[in-house]
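**Q** My structure is in final.cif, and what it holds is mmCIF, C-alpha atoms:
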data_structure
#
loop_
_atom_site.label_atom_id
_atom_site.label_comp_id
_atom_site.auth_asym_id
_atom_site.auth_seq_id
_atom_site.Cartn_x
_atom_site.Cartn_y
_atom_site.Cartn_z
CA MET A 245 114.13 114.99 118.08
CA LYS A 246 112.35 113.97 121.27
CA CYS A 247 109.94 111.89 119.18
CA PHE A 248 112.74 110.06 117.38
CA SER A 249 114.54 109.22 120.63
CA ALA A 250 111.29 107.98 122.16
CA PHE A 251 110.66 105.87 119.04
CA VAL A 252 114.08 104.21 119.24
CA VAL A 253 113.67 103.55 122.97
CA CYS A 254 110.21 102.01 122.38
CA ILE A 255 111.57 99.74 119.63
CA LEU A 256 114.43 98.51 121.79
CA LEU A 257 112.11 97.86 124.74
CA ILE A 258 109.29 96.19 122.82
CA MET A 259 111.11 94.08 120.27
CA PRO A 260 111.76 90.52 121.29
CA ASN A 261 115.08 88.92 120.46
CA VAL A 262 114.93 87.39 117.04
CA ALA A 263 115.02 83.61 117.28
CA VAL A 264 118.57 82.51 116.61
CA GLY A 265 119.47 79.22 114.97
CA GLN A 266 115.88 78.31 114.11
CA THR A 267 115.04 78.13 110.43
CA LEU A 268 111.67 79.34 109.32
CA TYR A 269 110.95 75.70 108.45
CA ASP A 270 111.33 74.84 112.16
CA GLU A 271 109.26 77.79 113.30
CA LEU A 272 106.38 76.71 111.09
CA GLY A 273 106.44 73.26 112.69
CA GLN A 274 108.46 71.50 109.99
CA LYS A 275 106.76 69.22 107.42
CA GLN A 276 103.70 68.37 109.51
CA GLY A 277 103.25 71.98 110.64
CA ILE A 278 103.40 73.27 107.09
CA GLU A 279 100.93 70.64 105.86
CA ASN A 280 98.51 71.67 108.63
CA ILE A 281 98.87 75.34 107.75
CA VAL A 282 98.28 74.68 104.04
CA GLU A 283 95.23 72.56 104.85
CA GLU A 284 93.82 75.41 106.97
CA LEU A 285 94.65 77.85 104.16
CA LEU A 286 92.62 75.76 101.70
CA PHE A 287 89.68 75.64 104.15
CA ASN A 288 89.87 79.44 104.45
CA ILE A 289 89.95 79.83 100.67
CA ALA A 290 86.92 77.55 100.32
CA ASP A 291 85.09 79.89 102.71
CA ASP A 292 86.18 83.03 100.87
CA ARG A 293 83.76 84.07 98.16
CA ARG A 294 86.31 86.50 96.71
CA ILE A 295 88.66 83.78 95.50
CA ARG A 296 87.14 80.31 95.92
CA HIS A 297 86.06 80.26 92.26
CA HIS A 298 89.72 80.10 91.22
CA PHE A 299 89.98 76.71 92.89
CA ALA A 300 86.65 75.27 91.72
CA GLU A 301 88.27 73.12 89.06
CA SER A 302 91.42 72.30 91.02
CA ASP A 303 92.51 68.95 92.36
CA LEU A 304 92.76 70.13 95.97
CA THR A 305 94.80 67.14 97.11
CA ARG A 306 97.43 68.04 94.53
CA VAL A 307 97.24 71.77 95.38
CA HIS A 308 97.78 70.86 99.03
CA GLN A 309 100.78 68.66 98.18
CA MET A 310 102.39 71.19 95.82
CA LEU A 311 101.91 74.18 98.14
CA SER A 312 103.26 72.24 101.11
CA GLU A 313 106.30 71.15 99.11
CA GLN A 314 106.90 74.65 97.86
CA ILE A 315 106.70 76.28 101.30
CA CYS A 316 108.84 73.48 102.79
CA GLU A 317 111.57 74.11 100.20
CA LEU A 318 111.32 77.93 100.39
CA THR A 319 111.66 77.97 104.17
CA GLY A 320 114.75 75.77 104.22
CA GLY A 321 113.16 72.35 104.71
CA PRO A 322 114.35 69.09 103.15
CA CYS A 323 111.86 69.12 100.27
CA VAL A 324 112.09 69.61 96.52
CA TYR A 325 109.18 71.38 94.85
CA SER A 326 108.03 69.12 92.01
CA GLY A 327 105.28 71.31 90.53
CA ASP A 328 105.16 73.72 87.61
CA ASP A 329 106.73 77.14 87.86
CA MET A 330 104.44 79.94 89.05
CA VAL A 331 103.87 81.48 85.63
CA THR A 332 102.83 78.17 84.07
CA SER A 333 100.51 77.21 86.91
CA HIS A 334 98.73 80.60 86.96
CA THR A 335 98.51 81.49 83.26
CA GLY A 336 94.90 81.84 82.22
CA MET A 337 93.57 82.02 85.79
CA GLY A 338 93.15 85.78 85.67
CA VAL A 339 94.36 86.31 89.24
CA THR A 340 93.89 89.99 90.14
CA ARG A 341 95.90 92.02 92.63
CA ALA A 342 92.88 91.89 94.96
CA ASP A 343 92.74 88.06 94.60
CA PHE A 344 96.42 87.79 95.53
CA ASN A 345 95.85 89.90 98.63
CA ALA A 346 92.76 87.87 99.54
CA LEU A 347 94.94 84.74 99.47
CA VAL A 348 97.51 86.45 101.67
CA GLU A 349 94.71 87.21 104.15
CA CYS A 350 93.58 83.55 104.08
CA LEU A 351 97.18 82.51 104.78
CA GLN A 352 97.51 85.03 107.64
CA LEU A 353 94.37 83.59 109.26
CA ALA A 354 95.77 80.07 108.87
CA LEU A 355 99.06 81.16 110.47
CA ASP A 356 97.09 82.78 113.31
CA THR A 357 95.19 79.53 113.83
CA PHE A 358 98.44 77.69 114.53
CA GLU A 359 99.77 80.61 116.60
CA ILE A 360 102.78 81.16 114.37
CA PRO A 361 104.67 84.18 115.82
CA VAL A 362 104.48 87.53 113.98
CA GLY A 363 108.17 87.41 113.01
CA ALA A 364 107.86 84.00 111.37
CA GLN A 365 104.66 85.09 109.60
CA ASN A 366 106.47 88.11 108.20
CA ARG A 367 109.43 86.03 107.03
CA LEU A 368 107.12 83.63 105.20
CA LEU A 369 105.20 86.48 103.53
CA ALA A 370 108.49 88.10 102.52
CA LEU A 371 109.43 84.85 100.73
CA LEU A 372 106.09 84.67 98.91
CA ALA A 373 105.63 88.36 97.99
CA PRO A 374 108.29 88.35 95.21
CA MET A 375 106.08 85.84 93.32
CA HIS A 376 103.42 88.52 92.90
CA HIS A 377 104.41 89.37 89.32
CA GLU A 378 104.55 85.67 88.37
CA ILE A 379 100.97 85.10 89.51
CA VAL A 380 98.94 88.28 89.03
CA GLY A 381 97.47 89.42 85.71
CA LEU A 382 98.32 86.31 83.66
CA MET B 44 86.35 125.91 123.78
CA LYS B 45 83.46 123.84 125.08
CA THR B 46 81.51 124.26 121.84
CA ARG B 47 84.45 122.97 119.82
CA MET B 48 84.49 119.82 121.93
CA LYS B 49 80.74 119.50 121.48
CA ILE B 50 81.05 119.77 117.72
CA LEU B 51 83.72 117.11 117.68
CA ALA B 52 81.71 114.95 120.04
CA SER B 53 78.64 115.31 117.86
CA LEU B 54 80.65 114.09 114.88
CA LEU B 55 81.73 110.92 116.62
CA PRO B 56 78.39 109.15 116.15
CA VAL B 57 78.65 109.94 112.42
CA VAL B 58 82.04 108.29 112.17
CA LEU B 59 81.02 105.38 114.35
CA SER B 60 77.85 104.76 112.36
CA CYS B 61 79.90 104.91 109.17
CA ALA B 62 82.16 102.33 110.76
CA LEU B 63 79.18 100.10 111.51
CA VAL B 64 77.74 100.43 108.02
CA ALA B 65 81.12 100.14 106.36
CA PRO B 66 81.70 96.38 106.79
CA VAL B 67 79.00 95.79 104.18
CA SER B 68 81.29 97.22 101.53
CA ALA B 69 84.66 97.20 103.26
CA GLU B 70 85.99 94.28 101.24
CA GLY B 71 88.66 96.35 99.60
CA GLY B 72 91.30 94.32 97.87
CA ARG B 73 94.35 95.74 99.58
CA LEU B 74 95.94 94.43 102.76
CA LEU B 75 95.23 95.85 106.20
CA ALA B 76 96.78 99.26 106.96
CA THR B 77 98.04 99.80 103.38
CA GLY B 78 95.84 102.90 103.13
CA GLY B 79 97.55 104.52 106.10
CA VAL B 80 95.30 106.84 108.10
CA THR B 81 93.90 110.32 107.46
CA MET B 82 96.53 112.98 108.11
CA ILE B 83 95.62 116.50 109.23
CA GLU B 84 95.28 117.81 105.67
CA GLY B 85 92.85 115.04 104.72
CA ALA B 86 95.19 112.92 102.59
CA ALA B 87 96.20 109.35 103.35
CA GLY B 88 99.38 109.25 105.40
CA GLY B 89 100.27 109.37 109.03
CA GLY B 90 99.26 112.32 111.20
CA LEU B 91 101.41 115.19 109.92
CA VAL B 92 102.80 113.82 106.65
CA PRO B 93 101.00 112.80 103.44
CA TRP B 94 102.36 109.43 102.25
CA ALA B 95 102.46 107.90 98.77
CA VAL B 96 99.72 105.44 99.75
CA LEU B 97 96.15 106.19 98.68
CA SER B 98 93.26 106.16 101.16
CA SER B 99 90.93 103.23 101.89
CA TYR B 100 91.47 99.67 100.64
CA ALA B 101 90.45 100.12 97.00
CA GLU B 102 92.51 98.02 94.57
CA GLU B 103 92.95 98.64 90.85
CA ASP B 104 89.41 97.59 89.93
CA GLU B 105 87.62 99.11 92.92
CA TRP B 106 86.82 102.39 94.59
CA GLY B 107 86.70 103.32 98.25
CA GLY B 108 86.78 106.19 100.67
CA THR B 109 87.28 107.38 104.22
CA VAL B 110 85.70 109.71 106.77
CA ALA B 111 87.78 110.91 109.71
CA VAL B 112 87.75 113.26 112.67
CA SER B 113 90.94 114.28 114.42
CA GLN B 114 92.02 116.58 117.21
CA ALA B 115 95.39 117.75 118.46
CA ASP B 116 95.57 119.47 121.83
CA VAL B 117 98.77 121.32 122.68
CA ASN B 118 99.41 123.84 125.46
CA ASP B 119 97.93 126.96 123.87
CA PHE B 120 96.15 125.64 120.78
CA ARG B 121 93.74 123.01 119.59
CA LEU B 122 93.49 121.76 116.01
CA SER B 123 90.27 120.02 114.97
CA VAL B 124 89.98 118.37 111.57
CA MET B 125 87.17 116.75 109.66
CA GLY B 126 88.32 114.92 106.55
CA VAL B 127 86.76 112.88 103.76
CA SER B 128 88.40 111.15 100.83
CA VAL B 129 87.62 108.93 97.89
CA ASN B 130 90.00 106.60 96.10
CA TYR B 131 89.35 105.65 92.48
CA ARG B 132 91.05 102.39 91.44
CA ASN B 133 94.01 102.98 93.73
CA ARG B 134 95.15 105.54 91.17
CA LEU B 135 93.58 108.83 92.22
CA GLU B 136 92.69 110.06 95.68
CA LEU B 137 90.54 113.15 96.16
CA SER B 138 90.19 114.59 99.64
CA PHE B 139 88.65 117.46 101.53
CA ALA B 140 89.57 118.63 105.01
CA LYS B 141 88.12 121.33 107.21
CA GLN B 142 90.53 122.56 109.87
CA THR B 143 89.75 124.72 112.87
CA PHE B 144 92.66 125.98 114.92
CA ASN B 145 91.44 127.22 118.25
CA LEU B 146 93.69 129.74 120.02
CA THR B 147 92.77 128.57 123.49
CA THR B 148 95.02 131.04 125.33
CA ILE B 149 94.98 134.03 122.97
CA GLY B 150 91.32 133.60 122.02
CA GLY B 151 89.75 133.18 118.59
CA ASP B 152 89.91 130.66 115.77
CA LEU B 153 91.85 130.21 112.55
CA THR B 154 90.10 128.15 109.90
CA GLN B 155 91.19 126.54 106.68
CA ASN B 156 89.69 124.30 103.99
CA ILE B 157 91.93 121.98 102.00
CA LEU B 158 91.03 120.32 98.74
CA GLY B 159 93.53 117.60 97.88
CA ALA B 160 94.35 115.35 94.94
CA LYS B 161 96.92 112.58 94.98
CA TYR B 162 97.86 110.59 91.88
CA ARG B 163 99.78 107.34 92.08
CA LEU B 164 102.47 107.66 89.43
CA GLY B 165 103.59 104.08 89.82
CA GLY B 166 105.11 101.40 91.97
CA ASP B 167 103.63 99.65 94.93
CA ILE B 168 103.97 99.84 98.68
CA LEU B 169 104.60 96.06 98.94
CA TYR B 170 105.09 94.29 95.62
CA GLY B 171 107.59 94.53 92.79
CA GLN B 172 110.86 96.40 92.58
CA MET B 173 109.60 99.98 92.58
CA PRO B 174 108.39 101.78 95.71
CA GLN B 175 105.04 103.52 95.51
CA ILE B 176 105.44 107.04 94.15
CA SER B 177 102.64 109.60 94.21
CA LEU B 178 102.23 113.22 93.27
CA GLY B 179 99.92 115.40 95.34
CA LEU B 180 98.36 118.82 95.10
CA GLN B 181 96.56 120.70 97.85
CA TYR B 182 94.48 123.81 97.36
CA LYS B 183 94.28 125.57 100.72
CA GLU B 184 92.05 128.46 101.62
CA ASN B 185 91.67 130.44 104.84
CA THR B 186 88.04 130.99 105.58
CA ARG B 187 88.93 133.80 108.03
CA PHE B 188 91.88 135.93 106.92
CA GLY B 189 91.84 138.79 109.46
CA LEU B 190 94.49 137.46 111.84
CA PRO B 191 96.81 135.95 109.17
CA GLN B 192 96.73 139.28 107.31
CA ALA B 193 97.46 141.23 110.48
CA VAL B 194 100.67 139.20 111.11
CA GLY B 195 101.94 139.67 107.57
CA ALA B 196 100.52 136.85 105.44
CA GLN B 197 100.45 137.86 101.78
CA ARG B 198 97.41 135.87 100.58
CA ASP B 199 94.55 133.78 101.89
CA SER B 200 94.82 130.84 99.49
CA ASP B 201 97.55 128.90 97.74
CA ILE B 202 98.62 125.55 96.33
CA ASP B 203 101.06 123.08 97.90
CA ALA B 204 102.57 120.37 95.70
CA TYR B 205 104.35 117.25 96.94
CA LEU B 206 106.03 114.11 95.71
CA ALA B 207 105.88 111.15 98.08
CA VAL B 208 107.67 107.81 98.03
CA SER B 209 106.56 104.95 100.30
CA ARG B 210 107.82 101.43 100.75
CA ALA B 211 107.16 98.66 103.24
CA TRP B 212 109.50 95.77 104.06
CA LEU B 213 107.51 92.72 105.10
CA ALA B 214 110.28 91.28 107.24
CA GLY B 215 112.59 94.15 108.15
CA PRO B 216 114.67 94.52 111.33
CA PHE B 217 113.39 92.35 114.23
CA ASP B 218 111.37 90.41 111.61
CA ARG B 219 108.77 93.16 111.74
CA THR B 220 107.11 94.95 108.83
CA TRP B 221 108.55 98.44 108.42
CA LEU B 222 107.28 101.36 106.43
CA VAL B 223 109.39 104.27 105.30
CA ASN B 224 107.99 107.34 103.60
CA GLY B 225 109.73 110.41 102.26
CA THR B 226 107.86 113.43 100.97
CA VAL B 227 109.18 116.59 99.36
CA ARG B 228 106.76 119.50 99.42
CA ALA B 229 106.79 122.85 97.67
CA THR B 230 104.98 125.27 99.96
CA ARG B 231 104.83 128.80 101.29
CA ALA B 232 102.09 128.02 103.82
CA ASN B 233 102.48 129.59 107.26
CA GLU B 234 101.73 127.02 109.98
CA THR B 235 100.50 124.68 107.18
CA GLY B 236 98.31 127.51 105.88
CA LEU B 237 96.40 128.32 109.06
CA LEU B 238 98.28 131.65 109.14
CA GLY B 239 97.90 132.28 105.43
CA PHE B 240 100.49 131.98 102.68
CA GLY B 241 103.73 133.87 102.10
CA GLY B 242 104.98 136.61 104.37
CA ASP B 243 107.17 139.63 104.88
CA LEU B 244 110.36 137.51 105.11
CA ASN B 245 109.70 135.22 102.16
CA ASP B 246 106.97 135.02 99.58
CA SER B 247 107.99 132.14 97.34
CA HIS B 248 107.51 128.37 97.46
CA GLU B 249 110.29 126.44 99.20
CA LEU B 250 111.12 122.73 98.92
CA LEU B 251 110.83 121.07 102.32
CA ALA B 252 111.24 117.48 103.51
CA GLU B 253 108.81 115.36 105.48
CA VAL B 254 109.55 111.82 106.65
CA ALA B 255 107.76 108.97 108.37
CA VAL B 256 109.05 105.68 109.70
CA GLY B 257 106.76 103.05 111.16
CA VAL B 258 107.02 99.52 112.44
CA PHE B 259 104.15 97.05 112.67
CA LEU B 260 104.30 95.28 116.02
CA HIS B 261 101.48 93.16 114.64
CA ARG B 262 99.70 93.56 111.30
CA SER B 263 97.00 95.63 112.98
CA LEU B 264 99.20 97.81 115.20
CA ALA B 265 101.85 100.27 114.05
CA LEU B 266 104.21 102.46 116.01
CA GLY B 267 105.83 105.30 114.13
CA VAL B 268 107.44 108.65 114.06
CA GLU B 269 107.05 111.62 111.72
CA TYR B 270 108.99 114.78 111.07
CA LYS B 271 107.87 117.75 109.00
CA GLN B 272 110.03 120.71 108.00
CA LYS B 273 108.19 124.02 107.83
CA PRO B 274 109.00 127.37 106.27
CA SER B 275 109.37 130.55 108.32
CA ASN B 276 107.93 133.35 106.23
CA LEU B 277 106.56 135.67 108.90
CA GLY B 278 108.72 138.19 110.76
CA PHE B 279 106.45 138.40 113.81
CA ALA B 280 107.31 134.90 115.08
CA GLU B 281 109.58 132.07 114.06
CA GLU B 282 107.95 128.86 112.86
CA SER B 283 109.09 125.44 114.17
CA ASP B 284 109.36 122.07 112.46
CA TRP B 285 106.80 119.53 113.69
CA SER B 286 107.25 115.95 114.87
CA SER B 287 105.11 113.21 116.31
CA LEU B 288 105.30 109.75 117.81
CA PHE B 289 102.17 107.81 116.84
CA MET B 290 100.45 104.53 117.36
CA ALA B 291 97.84 103.44 114.83
CA TRP B 292 95.48 100.56 115.46
CA PHE B 293 93.55 98.89 112.65
CA PRO B 294 91.00 96.60 114.36
CA SER B 295 89.50 95.92 110.91
CA LYS B 296 89.54 97.36 107.40
CA SER B 297 86.60 99.53 108.45
CA VAL B 298 88.14 101.41 111.35
CA ALA B 299 91.47 102.95 112.30
CA ILE B 300 92.33 104.74 115.53
CA THR B 301 95.47 106.83 115.81
CA GLY B 302 96.92 108.33 118.95
CA ALA B 303 100.05 110.44 119.02
CA TYR B 304 102.29 112.62 121.08
CA VAL B 305 102.97 115.76 119.04
CA ASP B 306 105.73 118.33 119.39
CA LEU B 307 104.81 121.48 117.48
CA GLY B 308 107.58 123.63 118.95
CA GLU B 309 106.82 127.35 118.96
CA ILE B 310 103.66 128.72 117.36
CA ALA B 311 102.95 132.46 117.08
CA GLY B 312 105.62 133.21 119.69
CA LEU B 313 104.30 130.70 122.22
CA ALA B 314 106.90 128.01 122.95
CA GLY B 315 106.48 124.46 124.21
CA GLN B 316 103.50 123.42 122.09
CA GLU B 317 103.44 119.76 122.98
CA GLY B 318 100.43 117.59 123.48
CA PHE B 319 98.29 114.74 122.26
CA TYR B 320 96.54 113.83 119.04
CA LEU B 321 93.66 111.47 118.48
CA SER B 322 92.14 110.49 115.15
CA LEU B 323 89.29 108.18 114.25
CA GLN B 324 88.81 106.97 110.70
CA ALA B 325 86.11 104.92 109.03
CA SER B 326 86.83 103.33 105.63
CA PHE B 327 84.36 102.03 103.09
#
Could the structure of this file be written out as structure tokens, please?
**A**
Amino acid sequence: MKCFSAFVVCILLIMPNVAVGQTLYDELGQKQGIENIVEELLFNIADDRRIRHHFAESDLTRVHQMLSEQICELTGGPCVYSGDDMVTSHTGMGVTRADFNALVECLQLALDTFEIPVGAQNRLLALLAPMHHEIVGL
Amino acid sequence: MKTRMKILASLLPVVLSCALVAPVSAEGGRLLATGGVTMIEGAAGGGLVPWAVLSSYAEEDEWGGTVAVSQADVNDFRLSVMGVSVNYRNRLELSFAKQTFNLTTIGGDLTQNILGAKYRLGGDILYGQMPQISLGLQYKENTRFGLPQAVGAQRDSDIDAYLAVSRAWLAGPFDRTWLVNGTVRATRANETGLLGFGGDLNDSHELLAEVAVGVFLHRSLALGVEYKQKPSNLGFAEESDWSSLFMAWFPSKSVAITGAYVDLGEIAGLAGQEGFYLSLQASF
């Protein structure tokens, strides 16, 4: 039981107070911040030989706009996603589980670049993870 | 005592060189830390508990593996472990561990080899509705049975079976990623098998619980706690449950370093077996 008590004490000492009153949209730097993050994400993907082939035929300006809109809306920003649903936009791409994870890693690096706090990173990933089954294996 | 340290020390370059070579192929398709670390029986998990996760970073169309060395030093004993594992398509994990339990106060060694298999029945640690569920088997064999036999162990080899369920929450309490694992094990191993299997008090498999809870302070650094129920089959000394408080650091997908405080209670009549655990793992 000593270990459990020590664990609880550590958690209470280490954990910062969760930001109150700030939406995730704010924490990501609102519209401009999200657009910067998505741009960095696309640069990271272009450098990633595991997944860049999936974007070879894509209109990257449109991908940038759609992803930014989608993240803006998901995180509570004043945007309306105008693109196709996830199943439609990924059918035929053959995205594997490993590809999905590679994209998550590219996004994590982009979030690191803009020094987005760990808590906000986790909240964003938790919003995106449920799309896994609408993207992978189609 | 000294020789044991030397053996462990001589293994370090092997692990470190594996870690240096590993980046060439360490492009496994799973996210950082999702393979856990090598637990003392060689399976992927924490330190004491096998989790439902499979070792390395192999995704469904890949294979991978790990090499690890670990040591736990408590007041009167020292456990040294060498473990290797392979993961085929994130479906089947095969592992081998060689344990040496040095009786630093009493004198002598207990030794055990463990051959493990873990099959992912379904689910996923992160995605979808279902948590990751795996079934594991461990064939354990004492390589020196004299002492276990003398204290009442009934046999020198046996099979443990376990069912493990693991799930991570990306943004759990404090907006941190949390992992919870529960394992139910059927076993009659004395001190995990180091003192043989079955005894004068009980000679049948019992169902025992093992749990782990961890929180990722950052995606490369986890703090966690584990608890492992143990049977008490031998009349000569009561056996204690084990617990640990661990910190695992994943500087890259190639290397993991785990440090822990371990509380092993009373072993072979000697109380207060607390101490420290260190484990180094290379993944490929």
**Q** I'd like to know which of B:Leu146, B:Val223, B:Ala314, B:Ala299 is closest to Gly78 in chain B, using only C-alpha atoms.
**A**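 Checking each of B:Leu146, B:Val223, B:Ala314, B:Ala299 against Gly78 in chain B, counting only C-alpha atoms, the winner is B:Ala299.
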**Q** With all atoms listed in the file as the basis for distance, which of B:Gly241, B:Pro274, B:Gly85, B:Gly308 is at the shortest distance from chain A?
**A** B:Gly308
**Q** Hey, what's within 9 Å of Phe344 in chain A if we count all atoms listed in the file and toss same-chain stuff fewer than 2 positions away? As a PDB file with C-alpha atoms, in the coordinates of the input, please?
**A**
ATOM      1  CA  ILE A 295      88.660  83.780  95.500  1.00  0.00           C
ATOM      2  CA  VAL A 339      94.360  86.310  89.240  1.00  0.00           C
ATOM      3  CA  THR A 340      93.890  89.990  90.140  1.00  0.00           C
ATOM      4  CA  ARG A 341      95.900  92.020  92.630  1.00  0.00           C
ATOM      5  CA  ALA A 342      92.880  91.890  94.960  1.00  0.00           C
ATOM      6  CA  ALA A 346      92.760  87.870  99.540  1.00  0.00           C
ATOM      7  CA  LEU A 347      94.940  84.740  99.470  1.00  0.00           C
ATOM      8  CA  VAL A 348      97.510  86.450 101.670  1.00  0.00           C
ATOM      9  CA  GLU A 349      94.710  87.210 104.150  1.00  0.00           C
ATOM     10  CA  HIS A 376     103.420  88.520  92.900  1.00  0.00           C
ATOM     11  CA  ILE A 379     100.970  85.100  89.510  1.00  0.00           C
ATOM     12  CA  VAL A 380      98.940  88.280  89.030  1.00  0.00           C
TER      13      VAL A 380
ATOM     14  CA  GLY B  72      91.300  94.320  97.870  1.00  0.00           C
TER      15      GLY B  72
END
**Q** Chain A near chain B within 10 Å: what's each residue's closest atom pair and its distance in Å to one decimal, counting all atoms listed in the file, ordered by chain then ascending residue number, as CSV?
**A**
residue,atom,partner,partner_atom,distance
A:Met245,CA,B:Ser286,CA,7.7
A:Lys246,CA,B:Asp306,CA,8.1
A:Cys247,CA,B:Leu288,CA,5.3
A:Phe248,CA,B:Val268,CA,6.4
A:Ser249,CA,B:Leu288,CA,9.7
A:Ala250,CA,B:Leu288,CA,7.6
A:Phe251,CA,B:Val268,CA,6.5
A:Val252,CA,B:Val268,CA,9.5
A:Cys254,CA,B:Leu266,CA,8.8
A:Ile255,CA,B:Val258,CA,8.5
A:Leu256,CA,B:Phe217,CA,9.8
A:Ile258,CA,B:Leu260,CA,8.5
A:Met259,CA,B:Phe217,CA,6.7
A:Pro260,CA,B:Phe217,CA,7.5
A:Asn261,CA,B:Phe217,CA,7.3
A:Val262,CA,B:Phe217,CA,5.9
A:Ala263,CA,B:Phe217,CA,9.4
A:Arg294,CA,B:Glu70,CA,9.0
A:Thr340,CA,B:Glu103,CA,8.7
A:Arg341,CA,B:Glu102,CA,7.2
A:Ala342,CA,B:Gly72,CA,4.1
A:Asp343,CA,B:Gly72,CA,7.2
A:Phe344,CA,B:Gly72,CA,8.6
A:Asn345,CA,B:Arg73,CA,6.1
A:Ala346,CA,B:Gly72,CA,6.8
A:Val348,CA,B:Leu74,CA,8.2
A:Glu349,CA,B:Leu74,CA,7.5
A:Gln352,CA,B:Arg262,CA,9.5
A:Pro361,CA,B:His261,CA,9.6
A:Val362,CA,B:His261,CA,6.4
A:Gly363,CA,B:Asp218,CA,4.6
A:Ala364,CA,B:Asp218,CA,7.3
A:Gln365,CA,B:Ala214,CA,8.7
A:Asn366,CA,B:Ala214,CA,5.0
A:Arg367,CA,B:Ala214,CA,5.3
A:Leu368,CA,B:Ala214,CA,8.5
A:Leu369,CA,B:Leu213,CA,6.8
A:Ala370,CA,B:Leu213,CA,5.4
A:Leu371,CA,B:Ala214,CA,9.2
A:Ala373,CA,B:Tyr170,CA,6.4
A:Pro374,CA,B:Gly171,CA,6.7
A:Met375,CA,B:Tyr170,CA,8.8
A:His376,CA,B:Tyr170,CA,6.6
A:His377,CA,B:Gly171,CA,7.0
**Q** Expand the PyMOL selection byres ((chain A and resi 318) around 12) into the individual residues it matches in the shown file, reporting them as a list in words.
**A** Thr267, Leu268, Tyr269, Leu272, Gln274, Ile278, Leu311, Ser312, Glu313, Gln314, Ile315, Cys316, Glu317, Thr319, Gly320, Gly321, Pro322, Cys323, Val324, Tyr325, Arg367, Leu368, Leu369, Ala370, Leu371, Leu372 and Met375 of chain A
**Q** Under the PyMOL selection byres ((chain B and resi 82) around 10), which residues of this model are included? Write them out as an mmCIF file with C-alpha atoms, in the frame of the given file.
**A**
data_model
loop_
_atom_site.group_PDB
_atom_site.id
_atom_site.type_symbol
_atom_site.label_atom_id
_atom_site.label_comp_id
_atom_site.auth_asym_id
_atom_site.auth_seq_id
_atom_site.Cartn_x
_atom_site.Cartn_y
_atom_site.Cartn_z
ATOM 1 C CA GLY B 79 97.550 104.520 106.100
ATOM 2 C CA VAL B 80 95.300 106.840 108.100
ATOM 3 C CA THR B 81 93.900 110.320 107.460
ATOM 4 C CA ILE B 83 95.620 116.500 109.230
ATOM 5 C CA GLU B 84 95.280 117.810 105.670
ATOM 6 C CA GLY B 85 92.850 115.040 104.720
ATOM 7 C CA ALA B 86 95.190 112.920 102.590
ATOM 8 C CA ALA B 87 96.200 109.350 103.350
ATOM 9 C CA GLY B 88 99.380 109.250 105.400
ATOM 10 C CA GLY B 89 100.270 109.370 109.030
ATOM 11 C CA GLY B 90 99.260 112.320 111.200
ATOM 12 C CA LEU B 91 101.410 115.190 109.920
ATOM 13 C CA VAL B 92 102.800 113.820 106.650
ATOM 14 C CA PRO B 93 101.000 112.800 103.440
ATOM 15 C CA TRP B 94 102.360 109.430 102.250
ATOM 16 C CA ALA B 111 87.780 110.910 109.710
ATOM 17 C CA VAL B 112 87.750 113.260 112.670
ATOM 18 C CA SER B 113 90.940 114.280 114.420
ATOM 19 C CA VAL B 124 89.980 118.370 111.570
ATOM 20 C CA GLY B 126 88.320 114.920 106.550
ATOM 21 C CA ALA B 140 89.570 118.630 105.010
ATOM 22 C CA THR B 301 95.470 106.830 115.810
ATOM 23 C CA SER B 322 92.140 110.490 115.150
#
**Q** Running the PyMOL selection byres ((chain A and resi 351) around 9) on this model by hand, what would come out? Give it as a VMD selection string.
**A** chain A and resid 281 to 282 284 to 286 288 to 289 346 to 350 352 to 356
**Q** Can you work out the spacing between CA of Asn130 in chain B and CA of Leu97 in chain B in Å, to one decimal?
**A**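 Those two atoms sit 6.7 Å apart.
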**Q** Within 9 Å of (90.9, 116.8, 118.0), in the coordinates the file gives, what residues turn up when you count all atoms listed in the file, written out as a ChimeraX atom specification?
**A** /B:48,51,112-116,121-124,319-322
